[in-house]
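Undergrad: Next comes run.txt, compact mmCIF, C-alpha atoms:
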```
# COMPACT_ATOMS: atom_id res chain seq x y z
CA MET T 1 63.44 -202.50 -70.89
CA SER T 2 66.78 -201.01 -70.11
CA ASP T 3 68.40 -197.69 -70.89
CA ALA T 4 71.82 -197.32 -72.27
CA ILE T 5 73.84 -194.75 -70.49
CA SER T 6 76.90 -193.17 -72.03
CA THR T 7 80.20 -193.43 -70.32
CA ASP T 8 80.30 -189.69 -69.60
CA HIS T 9 76.91 -189.71 -68.12
CA ARG T 10 77.59 -192.82 -66.33
CA GLU T 11 80.61 -191.40 -64.67
CA THR T 12 78.63 -188.55 -63.58
CA ALA T 13 75.88 -190.70 -62.33
CA LEU T 14 78.22 -192.97 -60.47
CA SER T 15 79.80 -190.07 -58.74
CA GLY T 16 76.41 -188.96 -57.44
CA GLY T 17 76.34 -185.50 -59.27
CA HIS T 18 73.49 -183.80 -60.96
CA ALA T 19 74.31 -182.82 -64.47
CA LEU T 20 72.46 -180.21 -66.43
CA PRO T 21 72.49 -180.01 -70.11
CA PRO T 22 74.16 -177.03 -71.69
CA ARG T 23 70.76 -175.61 -72.86
CA PHE T 24 67.30 -176.33 -71.75
CA SER T 25 65.30 -177.92 -74.42
CA ALA T 26 62.56 -175.28 -74.16
CA MET T 27 64.93 -172.26 -74.70
CA SER T 28 65.28 -170.59 -78.12
CA MET T 29 68.46 -171.25 -79.86
CA ARG T 30 68.35 -167.76 -81.67
CA GLU T 31 70.88 -164.99 -80.97
CA PRO T 32 69.52 -161.84 -79.13
CA ARG T 33 68.47 -159.01 -81.56
CA ALA T 34 69.15 -155.19 -81.26
CA ARG T 35 66.08 -152.87 -80.55
CA LYS T 36 64.76 -151.13 -83.66
CA ARG T 37 64.23 -147.26 -83.67
CA ARG T 38 60.82 -145.70 -84.46
CA PRO T 39 61.26 -142.92 -87.11
CA GLY T 40 57.63 -141.72 -86.82
CA LEU T 41 58.05 -140.67 -83.21
CA VAL T 42 61.26 -138.73 -83.91
CA LEU T 43 59.67 -136.89 -86.77
CA GLY T 44 56.65 -136.05 -84.63
CA LEU T 45 58.78 -134.61 -81.90
CA ALA T 46 60.77 -132.56 -84.38
CA SER T 47 57.60 -131.22 -85.94
CA ALA T 48 56.20 -130.30 -82.57
CA ILE T 49 59.37 -128.46 -81.66
CA ALA T 50 59.30 -126.61 -85.00
CA VAL T 51 55.67 -125.62 -84.48
CA ILE T 52 56.40 -124.40 -80.99
CA ALA T 53 59.37 -122.42 -82.26
CA THR T 54 57.31 -120.92 -85.06
CA ILE T 55 54.49 -119.97 -82.73
CA THR T 56 56.98 -118.50 -80.28
CA THR T 57 58.62 -116.50 -83.04
CA LEU T 58 55.25 -115.30 -84.30
CA GLN T 59 54.18 -114.40 -80.78
CA LEU T 60 57.36 -112.47 -80.11
CA THR T 61 57.24 -110.74 -83.49
CA ALA T 62 53.56 -109.92 -83.07
CA ASN T 63 54.20 -108.52 -79.59
CA ALA T 64 57.02 -106.34 -80.88
CA SER T 65 54.89 -105.19 -83.80
CA TYR T 66 51.98 -104.33 -81.53
CA ASP T 67 54.24 -102.58 -79.00
CA THR T 68 55.77 -100.46 -81.79
CA ALA T 69 52.35 -99.60 -83.17
CA GLU T 70 51.13 -98.77 -79.67
CA GLU T 71 54.09 -96.47 -78.96
CA GLN T 72 53.64 -94.67 -82.29
CA PHE T 73 49.94 -94.36 -81.55
CA ARG T 74 50.64 -92.88 -78.12
CA ASP T 75 53.16 -90.41 -79.57
CA ALA T 76 50.62 -89.28 -82.16
CA ALA T 77 47.92 -89.07 -79.51
CA ARG T 78 50.13 -86.92 -77.26
CA THR T 79 50.98 -84.57 -80.12
CA THR T 80 47.36 -84.31 -81.18
CA THR T 81 46.22 -83.75 -77.60
CA ALA T 82 48.69 -80.89 -77.29
CA ALA T 83 47.38 -79.40 -80.54
CA ARG T 84 43.85 -79.79 -79.30
CA LEU T 85 44.67 -78.02 -76.04
CA ALA T 86 46.33 -75.21 -78.01
CA LEU T 87 43.27 -74.85 -80.22
CA ASP T 88 40.94 -74.94 -77.24
CA ALA T 89 42.89 -72.15 -75.55
CA ALA T 90 43.13 -70.05 -78.72
CA ASN T 91 39.46 -70.57 -79.44
CA ALA T 92 38.45 -69.55 -75.91
CA GLU T 93 40.57 -66.43 -76.20
CA LEU T 94 39.01 -65.59 -79.55
CA HIS T 95 35.55 -66.04 -78.05
CA ASP T 96 36.45 -63.41 -75.45
CA VAL T 97 37.89 -61.02 -78.04
CA GLU T 98 34.93 -61.51 -80.35
CA GLY T 99 32.49 -60.87 -77.51
CA SER T 100 34.25 -57.63 -76.58
CA ALA T 101 34.42 -56.53 -80.23
CA ALA T 102 30.69 -57.16 -80.60
CA LEU T 103 30.08 -54.96 -77.55
CA LEU T 104 32.17 -52.23 -79.15
CA LEU T 105 29.89 -52.27 -82.17
CA GLU T 106 26.76 -52.33 -80.03
CA SER T 107 27.89 -49.37 -77.91
CA ASP T 108 28.54 -47.08 -80.87
CA THR T 109 26.32 -44.01 -80.48
CA GLY T 110 27.19 -42.52 -83.84
CA ILE T 111 29.46 -39.86 -82.32
CA LEU T 112 33.18 -39.79 -83.19
CA VAL T 113 33.31 -43.27 -84.78
CA ASP T 114 34.83 -43.55 -88.24
CA SER T 115 32.54 -45.64 -90.47
CA ALA T 116 35.43 -47.37 -92.25
CA ALA T 117 36.97 -48.40 -88.91
CA LYS T 118 33.62 -49.73 -87.75
CA ASP T 119 33.13 -51.71 -90.98
CA SER T 120 36.56 -53.28 -90.50
CA VAL T 121 35.57 -54.51 -87.03
CA THR T 122 32.26 -55.82 -88.38
CA ASN T 123 34.06 -57.87 -91.04
CA ALA T 124 36.62 -59.15 -88.53
CA VAL T 125 33.82 -60.28 -86.21
CA ALA T 126 32.23 -62.26 -89.06
CA ILE T 127 35.54 -63.98 -89.90
CA ALA T 128 36.16 -64.75 -86.25
CA THR T 129 32.68 -66.27 -85.92
CA ASP T 130 33.35 -68.63 -88.84
CA ALA T 131 36.72 -69.62 -87.40
CA MET T 132 35.22 -70.35 -83.99
CA THR T 133 32.47 -72.48 -85.54
CA ALA T 134 35.08 -74.58 -87.36
CA ALA T 135 37.17 -74.88 -84.21
CA ASP T 136 34.20 -75.98 -82.13
CA ALA T 137 33.49 -78.74 -84.65
CA LEU T 138 37.11 -79.97 -84.56
CA LEU T 139 37.25 -79.89 -80.78
CA ALA T 140 34.18 -82.13 -80.70
CA GLU T 141 36.11 -84.93 -82.44
CA ASP T 142 37.43 -87.51 -79.96
CA ILE T 143 40.91 -88.96 -79.92
CA PRO T 144 40.46 -92.79 -79.70
CA ALA T 145 41.88 -94.62 -76.71
CA ILE T 146 43.90 -97.85 -76.72
CA GLY T 147 42.00 -100.89 -75.54
CA ILE T 148 43.29 -104.01 -73.78
CA LYS T 149 46.29 -105.57 -75.47
CA PRO T 150 45.38 -108.81 -77.29
CA ALA T 151 46.97 -112.13 -76.24
CA TRP T 152 47.56 -114.20 -79.39
CA PHE T 153 49.79 -113.35 -82.29
CA TRP T 154 47.01 -113.26 -84.85
CA GLU T 155 45.11 -110.82 -82.61
CA LEU T 156 48.29 -108.83 -82.01
CA TYR T 157 48.96 -108.48 -85.73
CA ALA T 158 45.38 -107.39 -86.35
CA GLY T 159 45.54 -105.01 -83.40
CA ALA T 160 48.80 -103.47 -84.65
CA GLY T 161 47.24 -102.89 -88.04
CA ALA T 162 44.19 -101.24 -86.44
CA LEU T 163 46.46 -99.02 -84.31
CA ASP T 164 48.38 -97.92 -87.42
CA GLU T 165 45.15 -96.93 -89.12
CA GLU T 166 43.93 -95.03 -86.05
CA ARG T 167 47.34 -93.36 -85.69
CA GLN T 168 47.13 -92.11 -89.27
CA SER T 169 43.65 -90.80 -88.55
CA ILE T 170 44.94 -89.04 -85.42
CA GLU T 171 47.83 -87.52 -87.37
CA ARG T 172 45.37 -86.15 -89.92
CA LEU T 173 43.33 -84.71 -87.06
CA ASP T 174 46.51 -83.17 -85.67
CA GLU T 175 47.19 -81.44 -88.98
CA ARG T 176 43.66 -80.07 -89.08
CA LEU T 177 43.93 -78.89 -85.48
CA GLN T 178 47.18 -77.08 -86.18
CA ASP T 179 45.74 -75.49 -89.31
CA GLU T 180 42.75 -74.31 -87.30
CA VAL T 181 45.01 -72.88 -84.60
CA GLU T 182 46.63 -70.75 -87.30
CA ALA T 183 43.21 -69.71 -88.60
CA ILE T 184 42.08 -68.78 -85.08
CA ASP T 185 45.27 -66.80 -84.44
CA THR T 186 44.88 -64.96 -87.74
CA ALA T 187 41.25 -64.13 -86.98
CA SER T 188 42.16 -63.00 -83.47
CA ASP T 189 44.98 -60.77 -84.70
CA ALA T 190 42.73 -59.19 -87.33
CA LEU T 191 39.98 -58.62 -84.80
CA THR T 192 42.35 -57.11 -82.26
CA GLU T 193 43.97 -54.90 -84.88
CA SER T 194 40.66 -53.61 -86.21
CA GLY T 195 39.30 -53.11 -82.69
CA ILE T 196 42.31 -51.10 -81.59
CA ALA T 197 42.08 -49.06 -84.80
CA LEU T 198 38.46 -48.31 -83.95
CA LEU T 199 39.45 -47.08 -80.50
CA THR T 200 42.40 -45.10 -81.82
CA THR T 201 40.50 -43.32 -84.60
CA THR T 202 37.63 -42.60 -82.23
CA ALA T 203 40.00 -41.16 -79.65
CA SER T 204 41.69 -39.05 -82.32
CA ALA T 205 38.32 -37.66 -83.36
CA ALA T 206 37.79 -36.30 -79.84
CA THR T 207 40.05 -33.32 -80.55
CA ALA T 208 37.94 -32.18 -83.48
CA HIS T 209 34.80 -32.89 -81.46
CA GLU T 210 36.05 -30.66 -78.67
CA ALA T 211 36.92 -27.89 -81.12
CA ALA T 212 33.42 -28.09 -82.55
CA HIS T 213 31.88 -27.61 -79.10
CA VAL T 214 34.00 -24.90 -77.49
CA SER T 215 31.18 -23.62 -75.31
CA ALA T 216 30.99 -26.84 -73.30
CA ARG T 217 31.86 -26.72 -69.63
CA ASN T 218 35.45 -27.35 -68.62
CA ASP T 219 34.65 -30.44 -66.56
CA ASP T 220 33.03 -32.08 -69.56
CA VAL T 221 35.90 -31.16 -71.86
CA ILE T 222 38.39 -32.60 -69.38
CA ALA T 223 36.30 -35.77 -69.08
CA LEU T 224 36.39 -36.17 -72.87
CA ARG T 225 40.16 -35.68 -72.95
CA LYS T 226 40.69 -38.26 -70.23
CA ALA T 227 38.41 -40.72 -71.98
CA ALA T 228 40.26 -40.21 -75.26
CA THR T 229 43.61 -40.75 -73.55
CA MET T 230 42.37 -43.97 -71.96
CA ALA T 231 40.96 -45.25 -75.26
CA SER T 232 44.11 -44.49 -77.22
CA ALA T 233 46.19 -46.45 -74.69
CA ILE T 234 44.25 -49.69 -75.22
CA THR T 235 46.32 -52.54 -76.69
CA THR T 236 43.92 -55.48 -76.32
CA ILE T 237 40.25 -55.96 -77.03
CA ASP T 238 38.67 -56.97 -73.75
CA GLY T 239 36.43 -55.61 -71.03
CA ASP T 240 38.74 -52.65 -70.47
CA ALA T 241 38.53 -51.79 -74.16
CA VAL T 242 34.73 -51.84 -74.01
CA THR T 243 34.75 -49.66 -70.89
CA ALA T 244 37.15 -47.19 -72.50
CA PHE T 245 35.10 -47.03 -75.69
CA THR T 246 31.76 -46.58 -73.96
CA SER T 247 33.25 -43.95 -71.65
CA LEU T 248 34.55 -42.06 -74.67
CA GLN T 249 31.17 -42.26 -76.40
CA SER T 250 29.44 -41.11 -73.23
CA ALA T 251 31.88 -38.22 -72.74
CA ALA T 252 31.39 -37.11 -76.34
CA ALA T 253 27.62 -37.09 -75.90
CA GLN T 254 27.95 -35.28 -72.58
CA LEU T 255 30.06 -32.61 -74.24
CA VAL T 256 27.28 -31.89 -76.73
CA GLY T 257 24.70 -31.68 -73.97
CA SER T 258 27.00 -29.46 -71.92
CA GLU T 259 27.42 -26.99 -74.77
CA GLN T 260 23.73 -26.90 -75.44
CA ALA T 261 23.10 -26.03 -71.79
CA GLU T 262 25.75 -23.29 -71.85
CA LEU T 263 24.42 -21.77 -75.06
CA ALA T 264 20.92 -21.79 -73.62
CA GLU T 265 22.19 -19.75 -70.66
CA LYS T 266 23.87 -17.26 -73.00
CA SER T 267 20.95 -16.87 -75.34
CA GLY T 268 19.33 -13.48 -75.84
CA PRO T 269 20.24 -10.16 -77.43
CA LEU T 270 23.85 -10.29 -76.16
CA MET T 271 24.56 -13.86 -77.28
CA GLY T 272 26.49 -12.87 -80.44
CA ALA T 273 28.78 -10.47 -78.52
CA ARG T 274 29.29 -12.97 -75.71
CA LEU T 275 30.41 -15.72 -78.05
CA GLU T 276 32.70 -13.30 -79.90
CA ILE T 277 34.31 -12.23 -76.63
CA GLU T 278 34.82 -15.85 -75.58
CA ALA T 279 36.45 -16.68 -78.91
CA PHE T 280 38.74 -13.65 -78.55
CA ALA T 281 39.79 -14.71 -75.05
CA ARG T 282 40.56 -18.25 -76.18
CA SER T 283 42.64 -16.96 -79.08
CA ILE T 284 45.08 -15.21 -76.76
CA ALA T 285 45.33 -18.03 -74.21
CA PRO T 286 46.51 -21.08 -76.14
CA GLY T 287 46.72 -24.22 -74.08
CA VAL T 288 44.38 -22.91 -71.38
CA LEU T 289 40.87 -24.29 -71.19
CA LEU T 290 38.46 -21.41 -70.60
CA GLU T 291 34.90 -21.52 -69.39
CA PHE T 292 32.70 -18.40 -69.22
CA ASP T 293 29.83 -17.29 -67.04
CA TRP T 294 27.80 -14.12 -67.54
CA ALA T 295 25.83 -12.10 -65.02
CA PRO T 296 24.48 -8.53 -64.61
CA ILE T 297 26.86 -7.86 -61.69
CA VAL T 298 30.33 -9.37 -61.36
CA ASN T 299 32.81 -8.44 -58.67
CA GLY T 300 30.39 -5.80 -57.45
CA VAL T 301 30.09 -3.81 -60.69
CA GLY T 302 28.28 -3.93 -64.01
CA TYR T 303 25.70 -1.15 -63.95
CA ASN T 304 25.89 2.43 -65.19
CA GLY T 305 28.60 1.72 -67.74
CA SER T 306 30.89 -0.06 -65.34
CA MET T 307 32.32 -3.48 -66.16
CA GLY T 308 33.24 -6.35 -63.91
CA GLY T 309 35.34 -9.45 -64.28
CA TYR T 310 36.48 -12.29 -62.04
CA THR T 311 38.73 -15.27 -62.85
CA THR T 312 39.20 -18.52 -60.99
CA TRP T 313 42.06 -20.89 -61.73
CA TRP T 314 43.59 -23.95 -60.08
CA TRP T 315 47.29 -24.36 -59.34
CA ASP T 316 46.89 -28.06 -58.66
CA GLU T 317 44.95 -28.54 -61.90
CA PRO T 318 46.70 -26.22 -64.35
CA GLY T 319 45.46 -25.56 -67.83
CA ARG T 320 41.91 -24.51 -66.94
CA ALA T 321 40.13 -21.40 -65.68
CA THR T 322 36.66 -19.92 -65.36
CA ILE T 323 36.11 -16.29 -66.30
CA GLN T 324 33.05 -14.38 -65.13
CA LEU T 325 32.09 -11.22 -67.01
CA SER T 326 29.35 -8.69 -66.49
CA ASN T 327 26.77 -8.23 -69.23
CA SER T 328 28.09 -4.69 -69.67
CA VAL T 329 31.32 -6.10 -71.14
CA ALA T 330 29.28 -7.58 -73.98
CA GLU T 331 27.16 -4.42 -74.24
CA GLN T 332 30.28 -2.29 -74.83
CA TRP T 333 32.05 -4.79 -77.09
CA PRO T 334 34.26 -4.29 -79.11
CA ALA T 335 35.34 -1.02 -77.43
CA ASP T 336 39.01 -0.82 -76.36
CA ARG T 337 38.08 -0.68 -72.69
CA SER T 338 35.98 -3.80 -73.04
CA LYS T 339 38.85 -5.64 -74.74
CA ALA T 340 41.35 -4.40 -72.14
CA LEU T 341 39.28 -5.77 -69.28
CA VAL T 342 38.89 -9.14 -71.00
CA VAL T 343 42.66 -9.33 -71.61
CA HIS T 344 43.27 -8.56 -67.90
CA GLU T 345 41.10 -11.52 -66.92
CA VAL T 346 42.87 -13.75 -69.43
CA GLY T 347 46.14 -12.63 -67.80
CA HIS T 348 44.91 -14.28 -64.62
CA ALA T 349 43.90 -17.43 -66.50
CA ILE T 350 47.19 -17.84 -68.36
CA SER T 351 49.24 -17.34 -65.21
CA VAL T 352 48.90 -21.08 -64.56
CA LYS T 353 51.43 -21.54 -67.38
CA CYS T 354 53.88 -19.04 -65.88
CA ALA T 355 53.60 -19.48 -62.12
CA ASP T 356 57.35 -19.10 -61.56
CA MET T 357 57.50 -15.70 -63.28
CA TYR T 358 55.94 -13.63 -60.50
CA ASP T 359 55.09 -13.52 -56.80
CA ALA T 360 51.59 -14.90 -56.34
CA SER T 361 51.61 -14.65 -52.54
CA THR T 362 49.52 -11.45 -52.34
CA GLN T 363 46.36 -10.27 -54.06
CA ASP T 364 48.05 -7.01 -55.08
CA SER T 365 50.87 -8.90 -56.79
CA ILE T 366 48.38 -11.16 -58.56
CA GLU T 367 46.44 -8.17 -59.91
CA LYS T 368 49.65 -6.38 -60.92
CA TRP T 369 50.64 -9.48 -62.91
CA ALA T 370 47.33 -9.59 -64.83
CA THR T 371 47.63 -5.88 -65.56
CA ALA T 372 51.24 -6.28 -66.70
CA TRP T 373 50.21 -9.15 -68.98
CA ALA T 374 47.49 -7.00 -70.60
CA ILE T 375 50.03 -4.23 -71.15
CA SER T 376 52.55 -6.74 -72.62
CA MET T 377 49.84 -7.78 -75.07
CA GLY T 378 49.44 -4.13 -76.22
CA TYR T 379 46.20 -3.23 -74.43
CA THR T 380 46.84 0.10 -72.75
CA ASP T 381 43.33 1.30 -71.88
CA ASP T 382 43.02 1.85 -68.13
CA ALA T 383 40.42 -0.90 -67.98
CA ASN T 384 43.36 -3.27 -68.32
CA GLY T 385 43.70 -3.03 -64.52
CA VAL T 386 45.66 0.21 -64.17
CA TRP T 387 42.56 2.15 -63.12
CA ALA T 388 41.63 -0.38 -60.45
CA TYR T 389 45.05 -1.62 -59.25
CA GLY T 390 47.65 0.89 -60.36
CA TYR T 391 50.50 0.58 -62.83
CA PRO T 392 52.59 -2.61 -62.46
CA PRO T 393 56.39 -2.60 -62.09
CA GLN T 394 58.41 -2.84 -65.30
CA ASN T 395 59.94 -6.18 -64.34
CA TYR T 396 56.42 -7.63 -64.27
CA ILE T 397 55.71 -6.29 -67.72
CA ASP T 398 58.98 -7.73 -69.01
CA ALA T 399 58.28 -11.11 -67.41
CA ALA T 400 54.71 -11.14 -68.67
CA ALA T 401 55.95 -10.64 -72.22
CA GLY T 402 57.49 -14.10 -71.97
CA CYS T 403 54.24 -15.77 -70.90
CA ARG T 404 52.24 -16.86 -73.92
```
Let's see the structure in the file written out as structure tokens.
TA:
Amino acid sequence: MSDAISTDHRETALSGGHALPPRFSAMSMREPRARKRRPGLVLGLASAIAVIATITTLQLTANASYDTAEEQFRDAARTTTAARLALDAANAELHDVEGSAALLLESDTGILVDSAAKDSVTNAVAIATDAMTAADALLAEDIPAIGIKPAWFWELYAGAGALDEERQSIERLDERLQDEVEAIDTASDALTESGIALLTTTASAATAHEAAHVSARNDDVIALRKAATMASAITTIDGDAVTAFTSLQSAAAQLVGSEQAELAEKSGPLMGARLEIEAFARSIAPGVLLEFDWAPIVNGVGYNGSMGGYTTWWWDEPGRATIQLSNSVAEQWPADRSKALVVHEVGHAISVKCADMYDASTQDSIEKWATAWAISMGYTDDANGVWAYGYPPQNYIDAAAGCR
């Protein structure tokens, strides 16, 4: 068998080369194709990006919503806390005022106090008690606290909604707290006003009380006046107000006891004349507080028709004097000589009002002044001091006429 070789191949073969065919027989004769795109993958990526963007937006929006709700909640909580502190302070103050007012009512002894003023305080105490009860209940309500901030948007949205509801509840509590502060302030003002009125009217009644018990001792009268002055100066209802009120009540009671003791000492057959003489002396010495003591012998005299008198006064405590009179002055009352002697003693007592009108450096000058004052009052009987101390100089009589 022989092969036929083409000229071209032969030439190649004769030249000793190695020829390769243009294509290997096993290779595909098709043209190379372009790579196809996968639309499902692109759409998946786009969807994922959209989801992530949506979640991010929701997360950011939810955060902002929660932060806004939290800030509004905190603002409301701060305002409500301030209102609560104000109510707590006002309520505590009212508790103090109410306690003092209650003590005022308890310490009333039935002397001096005006019943209408006392009723006003009683009513104010009742109103204050109701207001304090309501305030205590409000103060017991807690202001909710903010918990841990949620992480996910759905939790944040829910949390923001819950904060809004709690904020509204807090704001309503704030309104109630502020209303109660006003109620407490109103109750406190009414209680203070009625309490001060009670003190003022009671202090004012001390003047009439004193006038109704003129025979009381000077020290007790002065104590009542001081107590009335202290009570009338009170501007708040507190411990000082209670002290002032109880002191006034005590002084008023002491005045009654003092007069009873004095009247007991003056009792007997001469009591009517003694009290008449004391009233006469007070009538001619306005503004001077007079106290009287009686004895058989005064200043060394008092028997056998003689009369004695002795007056003590205080320059450093003007406005008061003690006059001692012998029983014989009452026995001879209302004789001119008895009146003249009494007026002489009153001249000593009233000199505290006119200290710059005469020389008080000697006993003789002091007695001349009292005699001159009796003469200036129209009492010319020698028992006015002329018999015992001589006739005073005219300038004393003229000066004494200006001492009333």
Undergrad: As an exercise, work out the distance from CA of Glu70 (chain T) to CA of Gln178 (chain T) in Å and give it to one decimal place.
TA: 23.0 Å
Undergrad: If you measure from CA of Ser100 (chain T) to CA of Ile237 (chain T), what distance in Å do you get, rounded to one decimal?
TA: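 A separation of 6.2 Å between them.
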Undergrad: Within 8 Å of (52.7, -13.3, -74.6), only C-alpha atoms: residues as a ChimeraX atom specification?
TA: /T:373,376-377,400-404
Undergrad: Would you give the centre and edge lengths, in Å to one decimal, of a box along x, y and z around the listed atoms of region 299-307 of chain T, with 3 Å added to each side, as lines of an AutoDock Vina configuration file?
TA:
```
center_x = 29.3
center_y = -3.0
center_z = -62.6
size_x = 13.1
size_y = 16.9
size_z = 16.3
```
Undergrad: Do you know which residues are at most 12 Å from Glu276 (chain T) counting all atoms listed in the file, after dropping those on the same chain fewer than 5 positions away, and could you put them as a ChimeraX atom specification?
TA: /T:214-215,266,270-271,281-283,292,329-331,333-334,339,342
Undergrad: What does the structure give for the distance between CA of Ile222 (chain T) and CA of Ala244 (chain T), in Å to one decimal?
TA: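 Taking CA of Ile222 (chain T) and CA of Ala244 (chain T), their separation equals 15.0 Å.
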Undergrad: Name the residues in contact with Ala145 (chain T) at a cut-off of 10 Å, using all atoms listed in the file, excluding same-chain residues fewer than 6 positions from it; report them as a list of chain:residue names.
TA: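 Non-adjacent residues within range: T:Phe73, T:Arg74, T:Ala77, T:Leu163, T:Glu166.
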Undergrad: Write out as a list in words the residues lying within 9 Å of Arg176 (chain T), counting only C-alpha atoms and excluding same-chain residues fewer than 5 positions away.
TA: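 Contacts, with the query itself left out: Leu138, Glu171 and Val181 of chain T.
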